[in-house]
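A.B. asks: As input, take coords_20.csv (CSV, C-alpha atoms):
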```
chain,number,residue,atom,x,y,z
A,336,MET,CA,14.9,36.6,-23.2
A,337,LYS,CA,12.8,35.1,-20.4
A,338,THR,CA,11.8,31.5,-20.6
A,339,ASP,CA,9.2,31.6,-17.8
A,340,PHE,CA,6.2,33.7,-18.6
A,341,LEU,CA,3.2,34.8,-16.5
A,342,TYR,CA,0.7,34.6,-19.3
A,343,SER,CA,0.0,32.2,-22.1
A,344,ASP,CA,-2.6,31.5,-24.7
A,345,THR,CA,-3.2,29.2,-27.7
A,346,ASN,CA,-5.0,31.9,-29.7
A,347,GLN,CA,-8.1,29.8,-30.4
A,348,ASN,CA,-10.1,33.1,-30.6
A,349,HIS,CA,-7.7,34.7,-33.0
A,350,ASP,CA,-7.2,37.7,-30.8
A,351,ILE,CA,-3.4,37.7,-30.7
A,352,ILE,CA,-1.9,39.6,-33.6
A,353,LEU,CA,1.6,39.3,-35.0
A,354,HIS,CA,1.1,41.8,-37.9
A,355,ASP,CA,4.0,44.3,-37.9
A,356,CYS,CA,5.8,42.5,-35.1
A,357,PHE,CA,9.5,41.5,-35.3
A,358,ALA,CA,10.9,38.2,-34.2
A,359,ASP,CA,14.6,38.8,-33.4
A,360,LYS,CA,15.4,35.3,-32.3
A,361,MET,CA,14.5,31.9,-33.6
A,362,ILE,CA,15.4,28.7,-31.7
A,363,LEU,CA,14.7,25.0,-32.3
A,364,GLN,CA,14.6,23.1,-29.0
A,365,LYS,CA,13.9,19.4,-29.5
A,366,ASN,CA,10.7,19.4,-31.5
A,367,THR,CA,9.6,23.0,-30.7
A,368,LEU,CA,10.3,26.0,-32.9
A,369,ILE,CA,10.4,29.3,-30.8
A,370,PHE,CA,10.1,32.8,-32.2
A,371,GLN,CA,11.2,35.4,-29.7
A,372,PHE,CA,9.9,39.0,-29.9
A,373,SER,CA,11.9,41.5,-27.8
A,374,GLU,CA,9.2,44.2,-28.5
A,375,GLY,CA,6.3,41.8,-28.1
A,376,PHE,CA,3.1,41.3,-30.1
A,377,TYR,CA,-0.5,42.6,-29.9
A,378,LEU,CA,-3.7,41.5,-28.2
A,379,LYS,CA,-7.1,42.6,-29.4
A,380,ALA,CA,-9.4,44.4,-26.9
A,381,SER,CA,-11.5,41.2,-27.0
A,382,HIS,CA,-8.7,39.0,-25.5
A,383,GLU,CA,-9.8,37.8,-22.0
A,384,GLN,CA,-6.4,38.7,-20.5
A,385,ASN,CA,-6.4,42.2,-21.9
A,386,PRO,CA,-7.6,44.6,-19.2
A,387,PHE,CA,-7.9,47.6,-21.6
A,388,SER,CA,-10.8,48.3,-23.8
A,389,ALA,CA,-8.4,48.8,-26.7
A,390,LEU,CA,-5.6,47.1,-28.5
A,391,ALA,CA,-2.7,46.2,-26.2
A,392,TYR,CA,0.9,45.1,-26.8
A,393,THR,CA,3.1,42.8,-24.7
A,394,GLY,CA,6.7,43.4,-23.6
A,395,GLU,CA,9.1,40.6,-24.4
A,396,ALA,CA,7.2,37.6,-25.7
A,397,GLU,CA,7.5,34.4,-27.6
A,398,MET,CA,5.5,32.1,-29.9
A,399,ARG,CA,6.2,28.4,-29.4
A,400,MET,CA,5.3,25.9,-32.1
A,401,GLU,CA,5.3,22.2,-31.3
A,402,LEU,CA,6.2,20.7,-34.6
A,403,PHE,CA,4.1,17.9,-36.0
A,404,TYR,CA,6.9,15.6,-37.2
A,405,ALA,CA,10.2,14.6,-35.6
A,406,ASN,CA,12.3,16.0,-38.5
A,407,PRO,CA,12.2,19.8,-38.4
A,408,ASP,CA,12.9,20.0,-42.2
A,409,VAL,CA,9.7,18.1,-42.9
A,410,ASN,CA,7.7,20.5,-40.7
A,411,VAL,CA,9.1,23.8,-42.0
A,412,THR,CA,9.3,25.1,-45.5
A,413,ILE,CA,10.8,28.6,-46.1
A,414,TYR,CA,10.8,30.5,-49.3
A,415,LEU,CA,12.6,33.8,-50.0
A,416,ILE,CA,11.0,35.9,-52.7
A,417,LYS,CA,13.2,38.0,-55.0
A,418,GLU,CA,11.9,40.5,-57.4
A,419,GLU,CA,14.0,40.6,-60.6
A,420,TYR,CA,13.6,42.5,-63.9
A,421,ASP,CA,12.5,39.2,-65.5
A,422,GLY,CA,9.9,38.4,-62.8
A,423,THR,CA,9.5,37.1,-59.3
A,424,HIS,CA,11.7,34.2,-58.1
A,425,ARG,CA,11.0,32.0,-55.1
A,426,THR,CA,13.9,30.1,-53.6
A,427,GLU,CA,13.5,27.5,-50.8
A,428,ILE,CA,16.1,27.7,-48.0
A,429,PRO,CA,16.7,25.2,-45.2
A,430,LEU,CA,15.5,26.0,-41.7
A,431,GLU,CA,19.0,26.0,-40.3
A,432,GLU,CA,20.2,28.5,-42.8
A,433,PHE,CA,17.2,30.8,-42.1
A,434,MET,CA,17.8,30.5,-38.3
A,435,LYS,CA,21.5,31.4,-38.9
A,436,ARG,CA,20.4,34.6,-40.7
A,437,ILE,CA,18.3,35.5,-37.7
A,438,ARG,CA,21.2,34.7,-35.3
A,439,GLN,CA,23.4,37.0,-37.3
A,440,GLY,CA,21.1,40.0,-36.7
A,441,GLU,CA,18.4,39.8,-39.4
A,442,LYS,CA,14.9,40.4,-38.2
A,443,LEU,CA,11.7,38.7,-39.2
A,444,GLU,CA,8.7,40.9,-39.6
A,445,PHE,CA,5.4,39.1,-39.5
A,446,LEU,CA,2.8,40.5,-42.0
A,447,TYR,CA,0.0,37.9,-42.3
A,448,ALA,CA,-0.9,34.5,-40.9
A,449,TYR,CA,-3.1,31.9,-42.4
A,450,GLN,CA,-4.3,28.6,-41.0
A,451,GLY,CA,-6.0,25.9,-42.9
A,452,LEU,CA,-9.3,24.6,-41.6
A,453,ASP,CA,-8.5,20.9,-41.7
A,454,THR,CA,-4.8,21.0,-41.5
A,455,ASP,CA,-2.0,21.6,-39.0
A,456,ASP,CA,-0.2,23.9,-41.4
A,457,MET,CA,0.3,27.6,-40.7
A,458,LEU,CA,1.4,29.9,-43.5
A,459,PHE,CA,3.1,33.2,-42.6
A,460,ARG,CA,3.9,36.0,-45.0
A,461,CYS,CA,6.8,37.9,-43.7
A,462,GLU,CA,9.7,40.2,-44.5
A,463,LEU,CA,13.3,39.5,-43.6
A,464,HIS,CA,15.0,42.8,-42.7
A,465,PHE,CA,18.8,43.3,-43.0
A,466,ASP,CA,21.3,46.1,-43.1
A,467,LYS,CA,22.3,46.1,-46.8
A,468,HIS,CA,20.6,46.7,-50.1
A,469,PRO,CA,17.7,45.8,-50.8
A,470,TYR,CA,17.3,46.0,-46.9
A,471,ARG,CA,14.4,43.5,-46.9
A,472,ARG,CA,13.1,40.5,-48.7
A,473,GLU,CA,9.7,38.9,-48.7
A,474,CYS,CA,9.5,35.4,-47.3
A,475,ILE,CA,6.9,32.7,-46.8
A,476,LEU,CA,7.0,30.2,-43.9
A,477,ILE,CA,4.9,27.1,-44.0
A,478,ILE,CA,5.0,25.3,-40.6
A,479,SER,CA,3.2,22.1,-39.6
A,480,ALA,CA,2.5,22.3,-35.9
A,481,LYS,CA,0.5,20.3,-33.4
A,482,GLU,CA,0.2,23.1,-31.0
A,483,ILE,CA,1.0,26.8,-31.0
A,484,SER,CA,1.2,28.9,-27.8
A,485,TYR,CA,2.0,32.5,-27.1
A,486,HIS,CA,3.7,33.7,-23.9
A,487,TRP,CA,4.3,37.1,-22.3
A,488,ASN,CA,4.6,38.8,-18.9
A,489,GLU,CA,3.0,42.2,-19.3
A,490,LEU,CA,0.6,44.3,-21.3
A,491,PHE,CA,0.7,48.0,-22.3
A,492,GLN,CA,-2.2,50.0,-23.8
A,493,GLU,CA,-1.6,50.9,-27.4
A,494,GLY,CA,-1.5,54.6,-28.2
```
In structure tokens, what does this structure look like?
C.D. replies:
Amino acid sequence: MKTDFLYSDTNQNHDIILHDCFADKMILQKNTLIFQFSEGFYLKASHEQNPFSALAYTGEAEMRMELFYANPDVNVTIYLIKEEYDGTHRTEIPLEEFMKRIRQGEKLEFLYAYQGLDTDDMLFRCELHFDKHPYRRECILIISAKEISYHWNELFQEG
């Protein structure tokens, strides 16, 4: 995965879309959490760097989150959701354990992103995909970040 990118954006206009995109690498460098997308993510037609009049997708890309606090475990809360016969169970797992699962080949699919108006917290509803039954598990990531940036090198027209 490249570390130098031609394009970047902070998504202030909310025209970068992670829905249905898979992060296949997750790295913690100092106080920055990096999600790498080998198949990229989407840019709406309204994005100023999108030359198409339609939805576009990037090639390899990444999302960088500069964490708010020095201790990563204070910034990142991760819950795995498990459906059982007796109800839904939510289990918190540490960031390092979650990153280990990604390093071992599991993929993180982003479904929805929510950002509070007066907070630095982002909430991501995701699914973690793996190669054994039940093949995927819903998860929630709550991340406190000072700054979020998105990086890519190329764009392709969707469809």
A.B. asks: Tell me, counting only C-alpha atoms, for each residue of region 350-378 of chain A within 9 Å of region 391-411 of chain A, which pair of atoms is nearest and how far apart they are in Å to one decimal, in rows ordered by chain and increasing number, as CSV.
C.D. replies:
```
residue,atom,partner,partner_atom,distance
A:Ala358,CA,A:Glu397,CA,8.3
A:Leu363,CA,A:Pro407,CA,8.4
A:Lys365,CA,A:Ala405,CA,8.6
A:Asn366,CA,A:Leu402,CA,5.6
A:Thr367,CA,A:Glu401,CA,4.4
A:Leu368,CA,A:Met400,CA,5.1
A:Ile369,CA,A:Arg399,CA,4.5
A:Phe370,CA,A:Met398,CA,5.2
A:Gln371,CA,A:Glu397,CA,4.4
A:Phe372,CA,A:Ala396,CA,5.2
A:Ser373,CA,A:Glu395,CA,4.5
A:Glu374,CA,A:Glu395,CA,5.5
A:Gly375,CA,A:Thr393,CA,4.8
A:Phe376,CA,A:Tyr392,CA,5.5
A:Tyr377,CA,A:Tyr392,CA,4.2
A:Leu378,CA,A:Ala391,CA,5.2
```
A.B. asks: Using all atoms listed in the file, can you tell me which of A:Ile483, A:Leu446, A:Ile478, A:Ile428 comes closest to Asp344 (chain A)?
C.D. replies: A:Ile483
A.B. asks: Mind pulling up the distance from CA of Phe459 (chain A) to CA of Asp350 (chain A)?
C.D. replies: 16.3 Å
A.B. asks: Please, which residues are within 12 Å of (9.9, 27.8, -51.5) by the file's coordinates, counting only C-alpha atoms, and could they come as an NGL selection string?
C.D. replies: :A and (411-417 or 424-430 or 458 or 473-477)
A.B. asks: Keeping only C-alpha atoms, write the selected residues as a PDB file, keeping the file's coordinate frame.
C.D. replies:
```pdb
ATOM      1  CA  VAL A 411       9.100  23.800 -42.000  1.00  0.00           C
ATOM      2  CA  THR A 412       9.300  25.100 -45.500  1.00  0.00           C
ATOM      3  CA  ILE A 413      10.800  28.600 -46.100  1.00  0.00           C
ATOM      4  CA  TYR A 414      10.800  30.500 -49.300  1.00  0.00           C
ATOM      5  CA  LEU A 415      12.600  33.800 -50.000  1.00  0.00           C
ATOM      6  CA  ILE A 416      11.000  35.900 -52.700  1.00  0.00           C
ATOM      7  CA  LYS A 417      13.200  38.000 -55.000  1.00  0.00           C
ATOM      8  CA  HIS A 424      11.700  34.200 -58.100  1.00  0.00           C
ATOM      9  CA  ARG A 425      11.000  32.000 -55.100  1.00  0.00           C
ATOM     10  CA  THR A 426      13.900  30.100 -53.600  1.00  0.00           C
ATOM     11  CA  GLU A 427      13.500  27.500 -50.800  1.00  0.00           C
ATOM     12  CA  ILE A 428      16.100  27.700 -48.000  1.00  0.00           C
ATOM     13  CA  PRO A 429      16.700  25.200 -45.200  1.00  0.00           C
ATOM     14  CA  LEU A 430      15.500  26.000 -41.700  1.00  0.00           C
ATOM     15  CA  LEU A 458       1.400  29.900 -43.500  1.00  0.00           C
ATOM     16  CA  GLU A 473       9.700  38.900 -48.700  1.00  0.00           C
ATOM     17  CA  CYS A 474       9.500  35.400 -47.300  1.00  0.00           C
ATOM     18  CA  ILE A 475       6.900  32.700 -46.800  1.00  0.00           C
ATOM     19  CA  LEU A 476       7.000  30.200 -43.900  1.00  0.00           C
ATOM     20  CA  ILE A 477       4.900  27.100 -44.000  1.00  0.00           C
TER      21      ILE A 477
END
```
A.B. asks: Calculate how many Å separate CA of Glu482 (chain A) from CA of Ala389 (chain A), rounding to one decimal.
C.D. replies: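 Separation of CA of Glu482 (chain A) and CA of Ala389 (chain A): 27.4 Å.
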A.B. asks: How many Å separate CA of Glu383 (chain A) from CA of Asp339 (chain A)?
C.D. replies: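 It comes out at 20.4 Å.
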A.B. asks: I'd like to know which of A:Lys379, A:Lys360, A:His464, A:His486 is closest to Arg438 (chain A), using all atoms listed in the file.
C.D. replies: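 Checking each of A:Lys379, A:Lys360, A:His464, A:His486 against Arg438 (chain A), counting all atoms listed in the file, the winner is A:Lys360.
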